[in-house]
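S.K.: For reference, the file query.cif (mmCIF, C-alpha atoms) is included below:
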```cif
data_work
loop_
_atom_site.group_PDB
_atom_site.id
_atom_site.type_symbol
_atom_site.label_atom_id
_atom_site.label_comp_id
_atom_site.auth_asym_id
_atom_site.auth_seq_id
_atom_site.Cartn_x
_atom_site.Cartn_y
_atom_site.Cartn_z
ATOM 1 C CA MET A 1 28.324 -5.596 -11.716
ATOM 2 C CA ALA A 2 29.933 -8.056 -9.322
ATOM 3 C CA ILE A 3 28.687 -11.620 -9.036
ATOM 4 C CA THR A 4 28.474 -13.121 -5.551
ATOM 5 C CA VAL A 5 28.319 -16.907 -5.659
ATOM 6 C CA GLU A 6 29.206 -19.074 -2.681
ATOM 7 C CA THR A 7 28.239 -22.668 -2.068
ATOM 8 C CA ASP A 8 27.417 -22.214 1.633
ATOM 9 C CA ARG A 9 25.246 -19.071 1.515
ATOM 10 C CA ALA A 10 22.156 -21.002 2.646
ATOM 11 C CA THR A 11 23.793 -22.020 5.921
ATOM 12 C CA HIS A 12 26.111 -19.091 6.643
ATOM 13 C CA GLY A 13 24.168 -16.127 5.260
ATOM 14 C CA TYR A 14 25.474 -13.440 2.936
ATOM 15 C CA ALA A 15 25.135 -9.821 1.922
ATOM 16 C CA LEU A 16 24.905 -8.201 -1.495
ATOM 17 C CA ALA A 17 25.574 -4.576 -2.328
ATOM 18 C CA ARG A 18 23.194 -2.548 -4.456
ATOM 19 C CA ASP A 19 24.894 -3.565 -7.699
ATOM 20 C CA GLU A 20 25.616 -7.205 -6.795
ATOM 21 C CA GLY A 21 23.881 -10.431 -7.759
ATOM 22 C CA GLU A 22 23.704 -12.605 -10.845
ATOM 23 C CA ALA A 23 21.934 -10.605 -13.562
ATOM 24 C CA PHE A 24 19.946 -11.728 -16.610
ATOM 25 C CA TRP A 25 18.176 -9.879 -19.423
ATOM 26 C CA LEU A 26 14.705 -11.315 -20.001
ATOM 27 C CA LEU A 27 11.928 -9.717 -22.088
ATOM 28 C CA GLY A 28 13.877 -6.437 -22.185
ATOM 29 C CA MET A 29 14.124 -6.264 -18.392
ATOM 30 C CA LEU A 30 17.219 -6.572 -16.230
ATOM 31 C CA GLN A 31 16.581 -9.163 -13.511
ATOM 32 C CA THR A 32 19.142 -9.609 -10.738
ATOM 33 C CA VAL A 33 19.011 -12.588 -8.379
ATOM 34 C CA LYS A 34 19.215 -11.436 -4.759
ATOM 35 C CA VAL A 35 17.985 -14.699 -3.167
ATOM 36 C CA GLY A 36 18.360 -17.690 -5.467
ATOM 37 C CA LYS A 37 16.885 -21.145 -5.185
ATOM 38 C CA THR A 38 19.966 -22.621 -3.513
ATOM 39 C CA ASP A 39 20.293 -19.657 -1.127
ATOM 40 C CA ALA A 40 17.091 -20.579 0.718
ATOM 41 C CA GLY A 41 16.706 -24.253 -0.063
ATOM 42 C CA GLY A 42 14.155 -23.400 -2.764
ATOM 43 C CA ARG A 43 11.596 -22.216 -0.189
ATOM 44 C CA PHE A 44 11.599 -18.672 -1.597
ATOM 45 C CA GLY A 45 13.545 -16.353 -3.876
ATOM 46 C CA LEU A 46 13.935 -12.664 -4.561
ATOM 47 C CA LEU A 47 14.797 -10.739 -7.729
ATOM 48 C CA GLU A 48 15.426 -7.059 -8.276
ATOM 49 C CA ILE A 49 14.016 -6.071 -11.658
ATOM 50 C CA VAL A 50 14.351 -2.950 -13.793
ATOM 51 C CA VAL A 51 11.330 -2.574 -16.069
ATOM 52 C CA PRO A 52 11.482 -0.009 -18.913
ATOM 53 C CA PRO A 53 8.256 1.926 -19.597
ATOM 54 C CA GLY A 54 5.796 -0.141 -21.617
ATOM 55 C CA LEU A 55 7.627 -3.437 -21.131
ATOM 56 C CA GLY A 56 6.725 -6.240 -18.772
ATOM 57 C CA SER A 57 5.546 -9.786 -18.597
ATOM 58 C CA PRO A 58 2.881 -11.473 -20.716
ATOM 59 C CA TRP A 59 -0.101 -13.092 -18.993
ATOM 60 C CA HIS A 60 1.054 -16.247 -17.274
ATOM 61 C CA VAL A 61 0.242 -18.604 -14.408
ATOM 62 C CA HIS A 62 2.521 -20.199 -11.841
ATOM 63 C CA PRO A 63 0.750 -23.448 -10.877
ATOM 64 C CA GLU A 64 2.841 -23.965 -7.713
ATOM 65 C CA GLU A 65 4.495 -20.608 -7.030
ATOM 66 C CA ASP A 66 3.202 -17.434 -5.365
ATOM 67 C CA GLU A 67 4.666 -14.174 -6.694
ATOM 68 C CA TRP A 68 4.715 -10.698 -5.210
ATOM 69 C CA PHE A 69 5.966 -7.256 -6.196
ATOM 70 C CA TYR A 70 7.290 -4.336 -4.157
ATOM 71 C CA VAL A 71 8.037 -1.144 -6.097
ATOM 72 C CA LEU A 72 11.300 0.480 -5.005
ATOM 73 C CA ASP A 73 11.110 3.363 -7.479
ATOM 74 C CA GLY A 74 8.719 4.209 -10.303
ATOM 75 C CA ARG A 75 5.337 2.908 -11.392
ATOM 76 C CA LEU A 76 4.181 -0.603 -12.216
ATOM 77 C CA THR A 77 0.780 -1.716 -13.481
ATOM 78 C CA PHE A 78 0.102 -5.173 -12.059
ATOM 79 C CA TYR A 79 -2.789 -7.327 -13.243
ATOM 80 C CA VAL A 80 -3.896 -10.293 -11.153
ATOM 81 C CA GLY A 81 -6.987 -12.194 -12.248
ATOM 82 C CA ASP A 82 -9.589 -9.545 -13.133
ATOM 83 C CA THR A 83 -7.935 -6.857 -10.986
ATOM 84 C CA ARG A 84 -5.682 -4.011 -12.116
ATOM 85 C CA LEU A 85 -3.368 -2.551 -9.485
ATOM 86 C CA ASP A 86 -1.483 0.679 -10.199
ATOM 87 C CA LEU A 87 1.561 0.496 -7.949
ATOM 88 C CA THR A 88 3.861 3.425 -7.203
ATOM 89 C CA THR A 89 6.997 3.673 -5.057
ATOM 90 C CA GLY A 90 6.334 1.689 -1.881
ATOM 91 C CA GLY A 91 3.372 -0.154 -3.452
ATOM 92 C CA PHE A 92 2.893 -3.910 -3.087
ATOM 93 C CA GLY A 93 1.013 -6.483 -5.181
ATOM 94 C CA PHE A 94 0.489 -10.220 -4.627
ATOM 95 C CA GLY A 95 -0.240 -12.893 -7.243
ATOM 96 C CA PRO A 96 -1.229 -16.222 -5.714
ATOM 97 C CA LYS A 97 -0.301 -19.480 -7.399
ATOM 98 C CA GLY A 98 -2.829 -20.624 -9.971
ATOM 99 C CA VAL A 99 -4.099 -17.087 -10.743
ATOM 100 C CA PRO A 100 -3.167 -15.503 -14.110
ATOM 101 C CA HIS A 101 -1.169 -12.298 -13.788
ATOM 102 C CA SER A 102 0.980 -9.810 -15.680
ATOM 103 C CA PHE A 103 2.784 -6.519 -15.126
ATOM 104 C CA THR A 104 3.926 -3.541 -17.198
ATOM 105 C CA GLY A 105 6.248 -0.650 -16.479
ATOM 106 C CA ALA A 106 4.236 2.571 -16.340
ATOM 107 C CA GLY A 107 5.287 6.192 -16.519
ATOM 108 C CA ASP A 108 8.188 7.783 -18.375
ATOM 109 C CA THR A 109 11.144 6.243 -16.535
ATOM 110 C CA PRO A 110 12.211 2.671 -15.734
ATOM 111 C CA THR A 111 10.688 1.064 -12.655
ATOM 112 C CA CYS A 112 12.808 -0.772 -10.110
ATOM 113 C CA ALA A 113 11.021 -3.427 -8.066
ATOM 114 C CA LEU A 114 11.626 -6.460 -5.899
ATOM 115 C CA VAL A 115 9.870 -9.650 -7.008
ATOM 116 C CA GLY A 116 9.499 -12.521 -4.575
ATOM 117 C CA PHE A 117 8.613 -16.138 -5.257
ATOM 118 C CA SER A 118 7.577 -18.985 -2.984
ATOM 119 C CA PRO A 119 8.763 -21.596 -3.649
ATOM 120 C CA MET A 120 11.477 -20.356 -6.030
ATOM 121 C CA GLN A 121 10.911 -22.015 -9.406
ATOM 122 C CA PHE A 122 11.064 -19.035 -11.782
ATOM 123 C CA GLU A 123 14.856 -18.921 -11.549
ATOM 124 C CA GLY A 124 15.184 -22.072 -13.674
ATOM 125 C CA PHE A 125 13.136 -20.475 -16.482
ATOM 126 C CA MET A 126 15.130 -17.256 -16.240
ATOM 127 C CA ARG A 127 18.420 -19.166 -16.501
ATOM 128 C CA GLU A 128 17.208 -21.128 -19.557
ATOM 129 C CA VAL A 129 15.690 -18.231 -21.503
ATOM 130 C CA GLY A 130 17.449 -15.129 -20.170
ATOM 131 C CA GLN A 131 20.792 -13.738 -21.294
ATOM 132 C CA PRO A 132 23.506 -13.180 -18.630
#
```
Take the structure in the file and give it back as structure tokens.
M.R.:
Amino acid sequence: MAITVETDRATHGYALARDEGEAFWLLGMLQTVKVGKTDAGGRFGLLEIVVPPGLGSPWHVHPEEDEWFYVLDGRLTFYVGDTRLDLTTGGFGFGPKGVPHSFTGAGDTPTCALVGFSPMQFEGFMREVGQP
């Protein structure tokens, strides 16, 4: 996997191929940064994640950060507050800041999804705890 890192991406734009971006393993999932904190001045961020069946994120809350999911391929069970959302390819789920949420890969094959954040704060946690 190639790593694309440039200091002026926020002002000049950039493109990443399917297999490009800075990747981290976190909780058994591969998470690749497509839009990092510095790429958009921290206003938002975007990860591509690969979630094996049965794995996912524990319940958590982002006090100042909205989070959303768009399933590119596979199935993802997304919990937000008291609601369970079963997302399939093309499905979308939104977790507003301050609301507990979680997700789990469903089905028999890994799920690939885009995860957005606004503002982008999760990246710092991923860099501290994840493995490149």
S.K.: As JSON, what would the box around stretch 103-122 of chain A look like: edges along x, y and z, 8 Å added on every side, centre and edge lengths in Å to one decimal?
M.R.:
```
{"center_x": 7.8, "center_y": -7.1, "center_z": -10.7, "size_x": 26.0, "size_y": 45.8, "size_z": 31.4}
```
S.K.: So, counting only C-alpha atoms, which residue among A:Ala15, A:Val80, A:Leu46, A:Val129 is closest to A:Gly98?
M.R.: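 Under the stated criterion, the closest residue is A:Val80.
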S.K.: Under the PyMOL selection byres ((chain A and resi 102) around 8), which residues of this model are included? Write them out as a list in words.
M.R.: Gly56, Ser57, Pro58, Trp59, His60, Phe78, Tyr79, Val80, Pro100, His101, Phe103 and Thr104 of chain A
S.K.: If I take atom CA of A:Gly45 and atom CA of A:Pro119, how far is one from the other in Å, to one decimal?
M.R.: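 Spanning atom CA of A:Gly45 to atom CA of A:Pro119 is a straight-line distance of 7.1 Å.
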S.K.: Can you tell me which residues surround A:Lys37 at a distance of at most 12 Å, considering only C-alpha atoms, apart from same-chain residues fewer than 2 positions away, and format the answer as a list in words?
M.R.: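 Within the cut-off, the hits are Thr7, Arg9, Ala10, Val33, Lys34, Val35, Asp39, Ala40, Gly41, Gly42, Arg43, Phe44, Gly45, Leu46, Leu47, Gly116, Phe117, Ser118, Pro119, Met120, Gln121, Phe122, Glu123, Gly124, Phe125, Met126 and Arg127 of chain A.
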S.K.: Of the candidates A:Thr83, A:Arg75, A:Trp68, A:Gly107, which shows the shortest atom-to-atom distance to A:Gly95, using all atoms listed in the file?
M.R.: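 Counting all atoms listed in the file, the residue closest to A:Gly95 is A:Trp68.
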S.K.: Could you write out as a ChimeraX atom specification the residues that the PyMOL selection byres ((chain A and resi 52) around 8) matches in the shown file?
M.R.: /A:28-29,50-51,53-56,105,109-111
S.K.: Just the number, please: distance in Å from atom CA of A:Ala113 to atom CA of A:Leu76, one decimal.
M.R.: 8.5 Å
